[in-house]
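What follows is the content of query_21.csv (CSV, C-alpha atoms).
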```
chain,number,residue,atom,x,y,z
A,23,MET,CA,15.9,38.1,6.6
A,24,ASN,CA,12.3,38.3,5.2
A,25,LYS,CA,10.1,35.7,6.9
A,26,CYS,CA,8.9,34.5,3.5
A,27,TYR,CA,12.4,33.7,2.3
A,28,ILE,CA,13.1,32.0,5.6
A,29,ARG,CA,10.2,29.7,4.8
A,30,LEU,CA,11.6,29.2,1.3
A,31,LEU,CA,14.9,28.2,2.8
A,32,ALA,CA,13.2,25.7,5.1
A,33,LEU,CA,11.4,24.2,2.1
A,34,LEU,CA,14.6,23.8,0.2
A,35,LEU,CA,16.2,22.0,3.1
A,36,THR,CA,13.2,19.7,3.5
A,37,LEU,CA,13.2,18.8,-0.2
A,38,GLY,CA,16.9,18.2,-0.1
A,39,SER,CA,16.5,15.9,2.9
A,40,GLY,CA,13.6,14.1,1.2
A,41,SER,CA,15.5,13.5,-2.0
A,42,ALA,CA,18.4,12.0,0.0
A,43,ASN,CA,16.0,9.6,1.6
A,44,ALA,CA,13.7,9.1,-1.3
A,45,GLY,CA,12.7,5.5,-2.2
A,46,THR,CA,9.3,4.3,-1.3
A,47,ILE,CA,7.9,1.2,-2.9
A,48,HIS,CA,4.2,1.4,-3.7
A,49,TYR,CA,2.6,-2.0,-3.7
A,50,GLU,CA,-1.0,-2.4,-5.0
A,51,TYR,CA,-3.2,-5.5,-5.0
A,52,SER,CA,-6.5,-5.0,-6.8
A,53,THR,CA,-9.4,-7.5,-7.3
A,54,THR,CA,-13.1,-7.8,-8.0
A,55,LEU,CA,-15.2,-9.9,-5.6
A,56,LEU,CA,-17.9,-12.3,-7.0
A,57,LEU,CA,-20.2,-14.2,-4.6
A,58,ALA,CA,-19.6,-17.9,-4.9
A,59,VAL,CA,-21.3,-19.4,-1.9
A,60,GLY,CA,-23.8,-18.1,0.7
A,61,THR,CA,-25.6,-14.8,0.8
A,62,ASP,CA,-24.3,-11.3,0.0
A,63,ASP,CA,-25.2,-9.6,3.2
A,64,ALA,CA,-22.2,-7.3,2.9
A,65,GLY,CA,-23.2,-6.3,-0.7
A,66,LEU,CA,-19.7,-7.1,-2.0
A,67,ASP,CA,-20.8,-9.1,-5.1
A,68,GLY,CA,-19.2,-7.2,-8.0
A,69,ALA,CA,-17.4,-4.8,-5.8
A,70,THR,CA,-13.7,-3.9,-6.3
A,71,ALA,CA,-11.1,-4.0,-3.5
A,72,THR,CA,-7.7,-2.3,-3.8
A,73,ILE,CA,-5.0,-2.8,-1.2
A,74,ASN,CA,-2.3,-0.1,-1.1
A,75,VAL,CA,0.9,-0.5,0.8
A,76,THR,CA,4.0,1.7,1.1
A,77,VAL,CA,7.4,0.3,2.1
A,78,ASP,CA,10.6,2.3,2.6
A,79,SER,CA,13.1,0.9,0.2
A,80,SER,CA,15.8,1.1,2.8
A,81,SER,CA,13.9,-1.4,5.0
A,82,VAL,CA,15.7,-4.7,6.0
A,83,TYR,CA,14.0,-8.1,6.2
A,84,ILE,CA,13.6,-9.5,9.6
A,85,GLU,CA,12.8,-13.1,10.5
A,86,ALA,CA,9.2,-14.1,11.1
A,87,PHE,CA,8.2,-17.8,11.4
A,88,GLY,CA,11.5,-18.8,9.9
A,89,PHE,CA,11.0,-16.5,6.8
A,90,PRO,CA,12.2,-13.1,5.8
A,91,ALA,CA,9.5,-10.4,6.3
A,92,VAL,CA,9.2,-6.7,6.2
A,93,PRO,CA,6.7,-5.2,8.7
A,94,MET,CA,4.6,-2.3,7.4
A,95,ASN,CA,3.1,-1.1,10.6
A,96,ASN,CA,-0.1,0.9,9.6
A,97,ASP,CA,1.0,1.9,6.1
A,98,ALA,CA,-1.7,-0.2,4.4
A,99,THR,CA,-5.3,0.5,3.3
A,100,VAL,CA,-8.0,-1.3,1.4
A,101,THR,CA,-10.4,0.7,-0.7
A,102,ILE,CA,-13.8,-0.9,-1.5
A,103,ALA,CA,-15.9,0.5,-4.3
A,104,GLY,CA,-19.2,-0.7,-5.9
A,105,SER,CA,-20.7,-2.3,-2.8
A,106,SER,CA,-24.5,-2.3,-2.8
A,107,GLN,CA,-24.1,-1.5,0.9
A,108,ALA,CA,-23.1,2.2,0.7
A,109,SER,CA,-21.5,2.3,4.1
A,110,ASN,CA,-19.1,-0.5,3.0
A,111,ASN,CA,-17.6,1.8,0.3
A,112,GLY,CA,-14.6,3.7,1.3
A,113,THR,CA,-11.0,3.4,2.4
A,114,PHE,CA,-10.2,1.4,5.5
A,115,GLN,CA,-7.0,1.0,7.5
A,116,LEU,CA,-5.3,-2.4,7.6
A,117,ASP,CA,-3.3,-2.6,10.8
A,118,HIS,CA,0.1,-4.2,11.3
A,119,GLN,CA,0.8,-5.8,7.9
A,120,ALA,CA,4.0,-7.6,6.9
A,121,PHE,CA,5.2,-8.6,3.4
A,122,TYR,CA,6.8,-12.1,3.0
A,123,PRO,CA,8.8,-12.1,-0.2
A,124,SER,CA,9.6,-15.8,-0.2
A,125,PHE,CA,5.9,-16.6,-0.9
A,126,ALA,CA,4.9,-13.1,-1.8
A,127,GLY,CA,2.0,-12.5,0.6
A,128,LEU,CA,0.6,-9.9,2.9
A,129,TYR,CA,-0.2,-11.1,6.4
A,130,THR,CA,-0.7,-9.7,9.8
A,131,HIS,CA,2.3,-8.9,11.9
A,132,PRO,CA,3.5,-10.4,14.2
A,133,ASP,CA,0.7,-13.1,14.1
A,134,GLY,CA,1.2,-14.1,10.4
A,135,LEU,CA,-2.5,-14.5,9.9
A,136,TYR,CA,-4.9,-13.4,7.1
A,137,GLN,CA,-6.0,-9.8,7.5
A,138,GLU,CA,-9.5,-9.2,8.9
A,139,LEU,CA,-11.6,-6.1,8.3
A,140,PHE,CA,-14.7,-5.2,10.2
A,141,LEU,CA,-17.2,-3.9,7.7
A,142,PRO,CA,-19.9,-1.4,8.7
A,143,VAL,CA,-22.5,-3.8,7.2
A,144,GLY,CA,-22.0,-7.6,7.0
A,145,GLY,CA,-19.5,-8.1,9.8
A,146,THR,CA,-15.9,-9.3,9.5
A,147,LEU,CA,-14.3,-9.7,6.0
A,148,THR,CA,-11.3,-12.0,5.8
A,149,LEU,CA,-8.8,-10.9,3.1
A,150,ARG,CA,-6.6,-13.6,1.7
A,151,LEU,CA,-3.7,-11.8,0.0
A,152,SER,CA,-1.5,-14.8,-0.8
A,153,THR,CA,0.5,-14.5,-4.1
A,154,PHE,CA,3.1,-16.5,-6.0
A,155,ALA,CA,6.5,-15.1,-5.3
A,156,SER,CA,8.6,-13.3,-7.9
A,157,ALA,CA,11.9,-15.0,-8.7
A,158,ALA,CA,13.9,-12.4,-6.8
A,159,GLY,CA,11.5,-12.5,-3.8
A,160,ALA,CA,11.8,-16.3,-3.5
A,161,GLY,CA,15.6,-15.7,-2.9
A,162,ALA,CA,15.2,-12.9,-0.4
A,163,THR,CA,17.0,-13.5,3.0
A,164,VAL,CA,16.9,-12.1,6.5
A,165,GLY,CA,19.1,-9.0,6.8
A,166,GLN,CA,18.8,-8.1,3.1
A,167,THR,CA,17.5,-4.8,2.0
A,168,VAL,CA,14.1,-4.9,0.3
A,169,SER,CA,14.1,-4.6,-3.5
A,170,LEU,CA,11.3,-3.7,-6.0
A,171,ALA,CA,12.0,-7.0,-7.7
A,172,ASP,CA,10.9,-8.9,-4.5
A,173,PHE,CA,7.4,-7.6,-5.0
A,174,VAL,CA,6.7,-8.1,-8.7
A,175,PRO,CA,6.0,-9.9,-10.9
A,176,ALA,CA,3.6,-11.7,-8.6
A,177,THR,CA,0.3,-13.3,-9.2
A,178,SER,CA,-2.5,-14.0,-6.7
A,179,TYR,CA,-3.5,-17.5,-5.5
A,180,ASN,CA,-7.1,-16.1,-5.9
A,181,GLN,CA,-8.2,-17.6,-2.6
A,182,PRO,CA,-11.8,-16.6,-1.6
A,183,TRP,CA,-12.4,-13.8,0.7
A,184,SER,CA,-15.2,-14.5,3.2
A,185,THR,CA,-17.7,-13.1,5.6
A,186,SER,CA,-19.8,-15.1,8.1
A,187,THR,CA,-22.5,-15.5,5.4
A,188,GLY,CA,-20.7,-15.7,2.1
A,189,ASP,CA,-17.5,-16.6,0.2
A,190,TYR,CA,-16.3,-14.4,-2.7
A,191,VAL,CA,-14.0,-15.5,-5.4
A,192,GLN,CA,-11.4,-13.0,-6.7
A,193,ASP,CA,-11.6,-12.0,-10.4
A,194,GLY,CA,-9.2,-10.1,-12.5
A,195,THR,CA,-6.7,-9.7,-9.7
A,196,THR,CA,-3.6,-7.6,-10.4
A,197,VAL,CA,-0.5,-7.1,-8.3
A,198,THR,CA,1.8,-4.1,-9.1
A,199,ALA,CA,4.7,-2.4,-7.4
A,200,THR,CA,6.5,0.9,-8.4
A,201,ILE,CA,9.0,3.4,-7.1
A,202,PRO,CA,8.4,7.0,-8.0
A,203,GLU,CA,11.0,8.2,-10.5
A,204,PRO,CA,13.4,10.8,-9.2
A,205,SER,CA,12.5,13.1,-12.1
A,206,SER,CA,8.9,13.1,-11.0
A,207,LEU,CA,9.9,14.0,-7.4
A,208,ALA,CA,12.2,16.7,-8.7
A,209,LEU,CA,9.4,18.2,-10.8
A,210,LEU,CA,7.1,18.3,-7.8
A,211,GLY,CA,9.9,19.9,-5.8
A,212,LEU,CA,10.5,22.6,-8.5
A,213,GLY,CA,6.8,23.3,-8.6
A,214,ALA,CA,6.6,23.8,-4.9
A,215,ILE,CA,9.7,26.1,-5.0
A,216,GLY,CA,8.1,28.1,-7.9
A,217,LEU,CA,4.9,28.6,-5.9
A,218,ALA,CA,6.9,29.7,-2.8
A,219,ILE,CA,8.9,32.3,-4.8
A,220,GLY,CA,5.8,33.6,-6.5
A,221,ALA,CA,4.2,34.0,-3.1
A,222,CYS,CA,7.2,35.9,-1.7
A,223,ARG,CA,7.3,38.3,-4.7
A,224,SER,CA,3.5,38.9,-4.3
A,225,ARG,CA,4.0,39.9,-0.7
A,226,ARG,CA,6.9,42.2,-1.5
A,227,ALA,CA,4.9,43.9,-4.2
A,228,ALA,CA,1.9,44.3,-1.9
```

Take the structure in the file and write it out as structure tokens.
Amino acid sequence: MNKCYIRLLALLLTLGSGSANAGTIHYEYSTTLLLAVGTDDAGLDGATATINVTVDSSSVYIEAFGFPAVPMNNDATVTIAGSSQASNNGTFQLDHQAFYPSFAGLYTHPDGLYQELFLPVGGTLTLRLSTFASAAGAGATVGQTVSLADFVPATSYNQPWSTSTGDYVQDGTTVTATIPEPSSLALLGLGAIGLAIGACRSRRAA
């Protein structure tokens, strides 16, 4: 069999496997930071921060500190934009996060603490990502499979984020969660197959 078509068959198998296991919850927490107390050594006054997290929708809540929680390992990032300190702009990894649906917050795992990010300029930034739980999230239990409804609607407590020199209030905070529609995934898959077939035909013609 032509090597090109072998690769196409492998692509089809991969897409089939992916659709069978599809179901990733995308959680986003976005806020603008405004200096409230201290000095803005980190240049974060007016900057935006967006936390992105992905959770497999087949994940099951475990018990942590007496509450249901879903660990997210290293599948979390924060993107900072608009900092007057250029090196503080960019996307940074947030290690070992867990989502607690009963009080809808992101905390470190297994410690259950606020996330801390070491900035290139300004030292350590403490991210306080506590939110009010959704109705469904407040009723989540250990052993239960995660649900999109556990993540939203949720609103932030708007607790200040802080460095060693300044506290920043959160402004215009939004919390969203989505699951990509199967139709969108299917369109992406069809596009990939179309490109692969075109490549095979081009090679045969050559």

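When only C-alpha atoms are used to measure the gap to A:Phe173, the shortest distance among A:Val59, A:Leu135, A:Ala91, A:Val100 belongs to A:Ala91.
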
Given only C-alpha atoms as the counted atoms, nearest of A:Pro90, A:Gly188, A:Pro142, A:Gly60 to A:Asn111
A:Pro142

So that I can see what lies close to A:Phe140, please list as a PyMOL selection string the residues with an atom at most 12 Å from it, counting all atoms listed in the file and leaving out residues fewer than 4 positions away in the same chain.
chain A and resi 64+100+109-110+114-117+144-149+184-186

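Distances from A:Thr101, A:Thr200, A:Thr195, A:Thr76 to A:Leu141 were compared using all atoms listed in the file, and the smallest one belongs to A:Thr101.
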
Rank nothing, just name the residue among A:Val143, A:Ile102, A:Val82, A:Ala155 nearest to A:Ser52, using all atoms listed in the file.
A:Ile102

Pairwise distance for atom CA of A:Ser80 and atom CA of A:Ile47, rounded to one decimal in Å:
9.7 Å

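Proximity to A:Gly127 was assessed for A:Val174, A:Leu56, A:Leu139, A:Val164 counting all atoms listed in the file; the smallest distance is recorded for A:Val174.
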
My list of candidates is A:Ser152, A:Thr167, A:Ser79, A:Asn74. Which is closest to A:Leu128 when distances are computed with all atoms listed in the file?
A:Ser152

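Atom CA of A:Gly194 sits 13.0 Å away from atom CA of A:Pro182.
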
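Between atom CA of A:Leu170 and atom CA of A:Leu55 the interatomic distance comes to 27.2 Å.
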